[in-house]
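These notes concern the structure reproduced below.
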Amino acid sequence: MRKLLIIVSLFILNKALAQTAVVPLRDKFVLVIHGGAGTILKSQMTPEKEKAYQEALNKALETGYAILKNGGSAMDAVEAAVRTMEDNPLFNAGKGAVFTNEGKNELDAAIMDGKTLAAGSVAGVTTIRNPITAARAVMEKSPHVMMTGKGAEKFAQQQGIEIVDPSYFYTEDRWKGLQRAKSEDSTKMQQDHTDTSKKVSLRQPENKDYKYGTVGAVALDRHGNLAAATSTGGMTNKKFGRVGDAPIIGAGTYANNATVAISGTGWGEYFIRLVMAKSISDMMEFGKMKLKNAADEMIMKRLPALGGDGGLVAVDKNGNIAMPFCTEGMYRGYIKSDGKKEIRIYKD
Ligand code: ASP
């Protein structure tokens, strides 16, 4: 009888322990970020500007690193990293967003949790200081995945997310960028009117540097979960209501624990048409391709073949990273659990 009692007690104890057992945190974690792809040439950069970009990228990396190191989630890390860049006028996201053709700032953002495949995004918002946080609220506090314009702003306000006057997003650099884009476009229109063979080029931005510049982050945390986040003002001189790839799940933003987390930057229309991020995930899942090969296939071959350009950052479930781009440069960086950190701007 006593023996039986001991066996039963041990069984109950064992079960209780199993239920409360804490899964040990893994050692390995990774964060990869970008601050946009474009015609970024060393010859056009001042040492001061270069330093400012490096510091801003470093701040984003260190912010996410601290969260991941302490066992925080990939979701928290990518949101926090992106917020630092949204608050920095150097990047085309949050403060510093580019202007639409009408002279407004219309922001897009998305976030995705690789563990649950839950996702949230906002598009065309004009008063939310940190659109990435609003995107996360859509994911966590609403039954929806995507909210746009006034509705998204109302929802964000209800959730206690910081609302600002649209003038908050104004920067002189971006305003000048719009004026340049407009005058280039009208000169181009006049030229192309006289040369019908150039019809297609009407759609192509000339100086892509000041047209692009999204921010994004992807992470693998110590629980083995992946997450991706992207935030942008879109493309300079975009038409009213235009939505890019950043808030489209599977195009500019995607995360799946079975494969990879991806955040893109570049000519959004092409990223949408190529279903960029999900295509890479599918190549890995169903085509058994390695991250590097799948990402290179899409960014270095299929994207330019269609007429687009841009880049992305990615981390797979094993912590492998990729940062391909087919533009002149891409603000980018990564930090790993062993402290290895790299920040780069140009092609090298
Ligand atoms: N992909 C963004 C968009 O098309 C622009 C960018 O990455 O700079 O909205």
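Quick note on naming: the chains in the structure tokens go A, B, ... in the order shown, residues restart at 1 in each chain, and ligands are numbered from 1 in order of appearance.
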
Pull the closest atom pair for each residue of chain A that gets at most 6 Å from ligand 1, along with the distance in Å to one decimal, counting only C-alpha atoms and all ligand atoms, ordering rows by chain and then ascending residue number, as JSON lines.
{"residue": "A:Gly36", "atom": "CA", "partner": "ligand 1", "partner_atom_place_in_ligand_line": "8 (O)", "distance": 5.5}
{"residue": "A:Tyr212", "atom": "CA", "partner": "ligand 1", "partner_atom_place_in_ligand_line": "8 (O)", "distance": 3.1}
{"residue": "A:Gly213", "atom": "CA", "partner": "ligand 1", "partner_atom_place_in_ligand_line": "8 (O)", "distance": 3.8}
{"residue": "A:Thr214", "atom": "CA", "partner": "ligand 1", "partner_atom_place_in_ligand_line": "8 (O)", "distance": 4.1}
{"residue": "A:Gly234", "atom": "CA", "partner": "ligand 1", "partner_atom_place_in_ligand_line": "9 (O)", "distance": 3.2}
{"residue": "A:Met235", "atom": "CA", "partner": "ligand 1", "partner_atom_place_in_ligand_line": "5 (C)", "distance": 5.2}
{"residue": "A:Gly244", "atom": "CA", "partner": "ligand 1", "partner_atom_place_in_ligand_line": "9 (O)", "distance": 3.8}
{"residue": "A:Asp245", "atom": "CA", "partner": "ligand 1", "partner_atom_place_in_ligand_line": "1 (N)", "distance": 5.5}
{"residue": "A:Ala246", "atom": "CA", "partner": "ligand 1", "partner_atom_place_in_ligand_line": "1 (N)", "distance": 5.8}
{"residue": "A:Thr265", "atom": "CA", "partner": "ligand 1", "partner_atom_place_in_ligand_line": "7 (O)", "distance": 3.2}
{"residue": "A:Gly266", "atom": "CA", "partner": "ligand 1", "partner_atom_place_in_ligand_line": "7 (O)", "distance": 3.8}
{"residue": "A:Trp267", "atom": "CA", "partner": "ligand 1", "partner_atom_place_in_ligand_line": "4 (O)", "distance": 4.6}
{"residue": "A:Gly268", "atom": "CA", "partner": "ligand 1", "partner_atom_place_in_ligand_line": "4 (O)", "distance": 3.1}

Q) Within 12 Å of region 275-278 of chain A, counting only C-alpha atoms, which residues qualify if same-chain residues fewer than 6 places away don't, as a ChimeraX atom specification? A) /A:112,228,230,244-256,259-269,284-286,291,294-300,302-303,308-315

Q.
Set the distance at 6 Å and use only C-alpha atoms: which residues neighbour region 87-97 of chain A once local chain neighbours fewer than 3 positions away are removed? I'd like the list as a ChimeraX atom specification.
A. /A:84,130,169,171,213-214,231-233

Those residues with N, CA, C and O atoms, as a compact mmCIF listing (two decimals), in the first residue's frame please?
# COMPACT_ATOMS: atom_id res chain seq x y z
N THR A 84 13.03 53.22 -33.03
CA THR A 84 14.15 54.17 -32.94
C THR A 84 14.39 54.82 -34.30
O THR A 84 14.73 56.00 -34.38
N ASN A 130 4.25 56.52 -34.28
CA ASN A 130 4.98 55.27 -34.54
C ASN A 130 4.05 54.24 -35.16
O ASN A 130 3.46 53.40 -34.46
N PHE A 169 5.67 65.24 -39.08
CA PHE A 169 6.48 64.42 -39.98
C PHE A 169 7.33 65.23 -40.96
O PHE A 169 8.17 64.69 -41.66
N THR A 171 10.07 67.29 -42.77
CA THR A 171 11.49 67.64 -42.70
C THR A 171 11.83 68.37 -44.01
O THR A 171 11.27 68.06 -45.06
N GLY A 213 13.82 54.46 -48.90
CA GLY A 213 14.42 54.63 -47.58
C GLY A 213 13.63 54.12 -46.40
O GLY A 213 13.68 54.68 -45.31
N THR A 214 12.90 53.06 -46.65
CA THR A 214 12.13 52.37 -45.60
C THR A 214 13.04 51.88 -44.47
O THR A 214 14.24 51.75 -44.65
N SER A 231 8.53 49.61 -41.66
CA SER A 231 7.80 50.87 -41.56
C SER A 231 8.32 51.85 -42.61
O SER A 231 9.53 51.92 -42.84
N THR A 232 7.41 52.60 -43.22
CA THR A 232 7.84 53.46 -44.33
C THR A 232 6.91 54.64 -44.59
O THR A 232 5.72 54.59 -44.23
N GLY A 233 7.48 55.64 -45.23
CA GLY A 233 6.66 56.73 -45.77
C GLY A 233 6.31 56.43 -47.22
O GLY A 233 5.63 57.22 -47.87

Q: Name the residues in contact with Thr63 (chain A) at a cut-off of 7 Å, using only C-alpha atoms, excluding same-chain residues fewer than 3 positions from it; report them as a ChimeraX atom specification.
A: /A:59-60,66-67,80-81

Q | Those of region 41-99 of chain A in DSSP helix (DSSP H, G or I), formatted as a ChimeraX atom specification | A | /A:42-44,47-69,74-86

(Q) Report as a list in words all protein, DNA and RNA residues lying within 10 Å of region 113-116 of chain A, evaluated on only C-alpha atoms, omitting residues in the same chain fewer than 3 positions from it. (A)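 Residues near the query, excluding close chain neighbours: Ser73, Ala74, Met75, Ala119, Gly120, Arg136, Met139, Ala219, Leu220, His223, Gly224, Asn225, Leu226, Ala227, Ala228, Ala229, Tyr254, Ala255, Asn256, Asn257, Ala258, Thr259, Val260, Ala261 and Lys317 of chain A.
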
Only C-alpha atoms, please: the residues just picked out, written as a PDB file, in the first residue's frame.
ATOM      1  CA  SER A  73      10.701  38.296 -27.650  1.00  0.00           C
ATOM      2  CA  ALA A  74      11.637  38.810 -31.287  1.00  0.00           C
ATOM      3  CA  MET A  75       8.388  40.799 -31.588  1.00  0.00           C
ATOM      4  CA  ALA A 119       0.195  39.809 -38.306  1.00  0.00           C
ATOM      5  CA  GLY A 120      -0.909  43.426 -38.174  1.00  0.00           C
ATOM      6  CA  ARG A 136       1.152  45.631 -33.571  1.00  0.00           C
ATOM      7  CA  MET A 139      -2.527  42.398 -34.598  1.00  0.00           C
ATOM      8  CA  ALA A 219      14.942  38.795 -35.333  1.00  0.00           C
ATOM      9  CA  LEU A 220      15.398  35.294 -33.985  1.00  0.00           C
ATOM     10  CA  HIS A 223      12.867  31.084 -27.494  1.00  0.00           C
ATOM     11  CA  GLY A 224      13.482  30.159 -31.128  1.00  0.00           C
ATOM     12  CA  ASN A 225      10.824  32.548 -32.454  1.00  0.00           C
ATOM     13  CA  LEU A 226      11.110  34.751 -35.519  1.00  0.00           C
ATOM     14  CA  ALA A 227       9.510  38.174 -36.138  1.00  0.00           C
ATOM     15  CA  ALA A 228       9.617  40.828 -38.854  1.00  0.00           C
ATOM     16  CA  ALA A 229       8.700  44.533 -38.874  1.00  0.00           C
ATOM     17  CA  TYR A 254       6.775  38.127 -43.504  1.00  0.00           C
ATOM     18  CA  ALA A 255       7.776  35.825 -40.642  1.00  0.00           C
ATOM     19  CA  ASN A 256       7.273  32.118 -40.172  1.00  0.00           C
ATOM     20  CA  ASN A 257       9.071  29.994 -37.564  1.00  0.00           C
ATOM     21  CA  ALA A 258       9.177  27.142 -40.083  1.00  0.00           C
ATOM     22  CA  THR A 259      11.357  29.172 -42.429  1.00  0.00           C
ATOM     23  CA  VAL A 260      12.405  32.813 -42.217  1.00  0.00           C
ATOM     24  CA  ALA A 261      11.653  36.413 -41.185  1.00  0.00           C
ATOM     25  CA  LYS A 317      15.052  29.687 -38.141  1.00  0.00           C
TER      26      LYS A 317
END

Q | From A:Leu57, A:Met85, A:Met330, A:Ala181, residue lying nearest Arg129 (chain A) [only C-alpha atoms] | A | A:Met85

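When DSSP is run on the backbone, the residues of region 3-135 of chain A that fall into strand (DSSP E) are A:Val30, A:Leu31, A:Val32, A:Ile33, A:His34, A:Gly35, A:Gly36, A:Ala37, A:Gly38, A:Leu107, A:Asp108, A:Ala109, A:Ala110, A:Ile111, A:Met112, A:Asp113, A:Ala118, A:Ala119, A:Gly120, A:Ser121, A:Val122, A:Ala123, A:Gly124, A:Val125.
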
Quick one: write out the picked residues with C-alpha atoms as a PDB file, in the first residue's frame?
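Listing of part36.pdb after writing:
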ATOM      1  CA  VAL A  30      20.128  37.442 -34.024  1.00  0.00           C
ATOM      2  CA  LEU A  31      18.833  40.862 -35.076  1.00  0.00           C
ATOM      3  CA  VAL A  32      19.151  42.260 -38.603  1.00  0.00           C
ATOM      4  CA  ILE A  33      17.988  45.739 -39.614  1.00  0.00           C
ATOM      5  CA  HIS A  34      17.811  47.984 -42.653  1.00  0.00           C
ATOM      6  CA  GLY A  35      17.316  51.698 -43.151  1.00  0.00           C
ATOM      7  CA  GLY A  36      16.405  51.538 -46.822  1.00  0.00           C
ATOM      8  CA  ALA A  37      17.936  50.702 -50.187  1.00  0.00           C
ATOM      9  CA  GLY A  38      18.665  53.175 -52.972  1.00  0.00           C
ATOM     10  CA  LEU A 107       2.751  56.101 -43.649  1.00  0.00           C
ATOM     11  CA  ASP A 108       2.604  52.302 -43.944  1.00  0.00           C
ATOM     12  CA  ALA A 109       3.842  49.650 -41.476  1.00  0.00           C
ATOM     13  CA  ALA A 110       3.516  45.953 -40.692  1.00  0.00           C
ATOM     14  CA  ILE A 111       4.652  43.427 -38.112  1.00  0.00           C
ATOM     15  CA  MET A 112       4.444  39.630 -38.105  1.00  0.00           C
ATOM     16  CA  ASP A 113       4.958  36.972 -35.460  1.00  0.00           C
ATOM     17  CA  ALA A 118      -0.326  36.513 -36.495  1.00  0.00           C
ATOM     18  CA  ALA A 119       0.195  39.809 -38.306  1.00  0.00           C
ATOM     19  CA  GLY A 120      -0.909  43.426 -38.174  1.00  0.00           C
ATOM     20  CA  SER A 121      -0.534  46.396 -40.465  1.00  0.00           C
ATOM     21  CA  VAL A 122      -1.604  49.984 -41.055  1.00  0.00           C
ATOM     22  CA  ALA A 123      -1.563  51.880 -44.336  1.00  0.00           C
ATOM     23  CA  GLY A 124      -1.906  55.496 -45.386  1.00  0.00           C
ATOM     24  CA  VAL A 125      -1.875  56.900 -41.866  1.00  0.00           C
TER      25      VAL A 125
END

Q. Expressed in Å to a single decimal, how great is the separation between CA of Ile345 (chain A) and CA of Arg83 (chain A)?
A.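 About the pair CA of Ile345 (chain A) and CA of Arg83 (chain A): they are 20.0 Å apart.
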
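With only C-alpha atoms as the atoms that count, the residue of A:Tyr346, A:Val215, A:Pro324, A:Gly151 with the shortest distance to Met45 (chain A) is A:Tyr346.
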
Q: Rank A:Leu41, A:Val22, A:Leu117, A:Ala77 by their smallest atom-to-atom distance to Tyr65 (chain A), using only C-alpha atoms, and report the top residue only.
A: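 Looking at the shortest contact to Tyr65 (chain A), the residue is A:Ala77.
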
Q | Top pick for closest residue to Gly71 (chain A), considering A:Lys154, A:Lys49, A:Arg332, A:Asp221 and counting only C-alpha atoms | A | A:Asp221

Q: To one decimal in Å, tell me the separation between CA of Thr148 (chain A) and CA of Pro304 (chain A).
A: 29.7 Å

**Q.** Coordinates-based distance that separates CA of Val82 (chain A) from CA of Ala137 (chain A) (Å, one decimal)
**A.**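 Here the two named atoms are 14.9 Å from each other.
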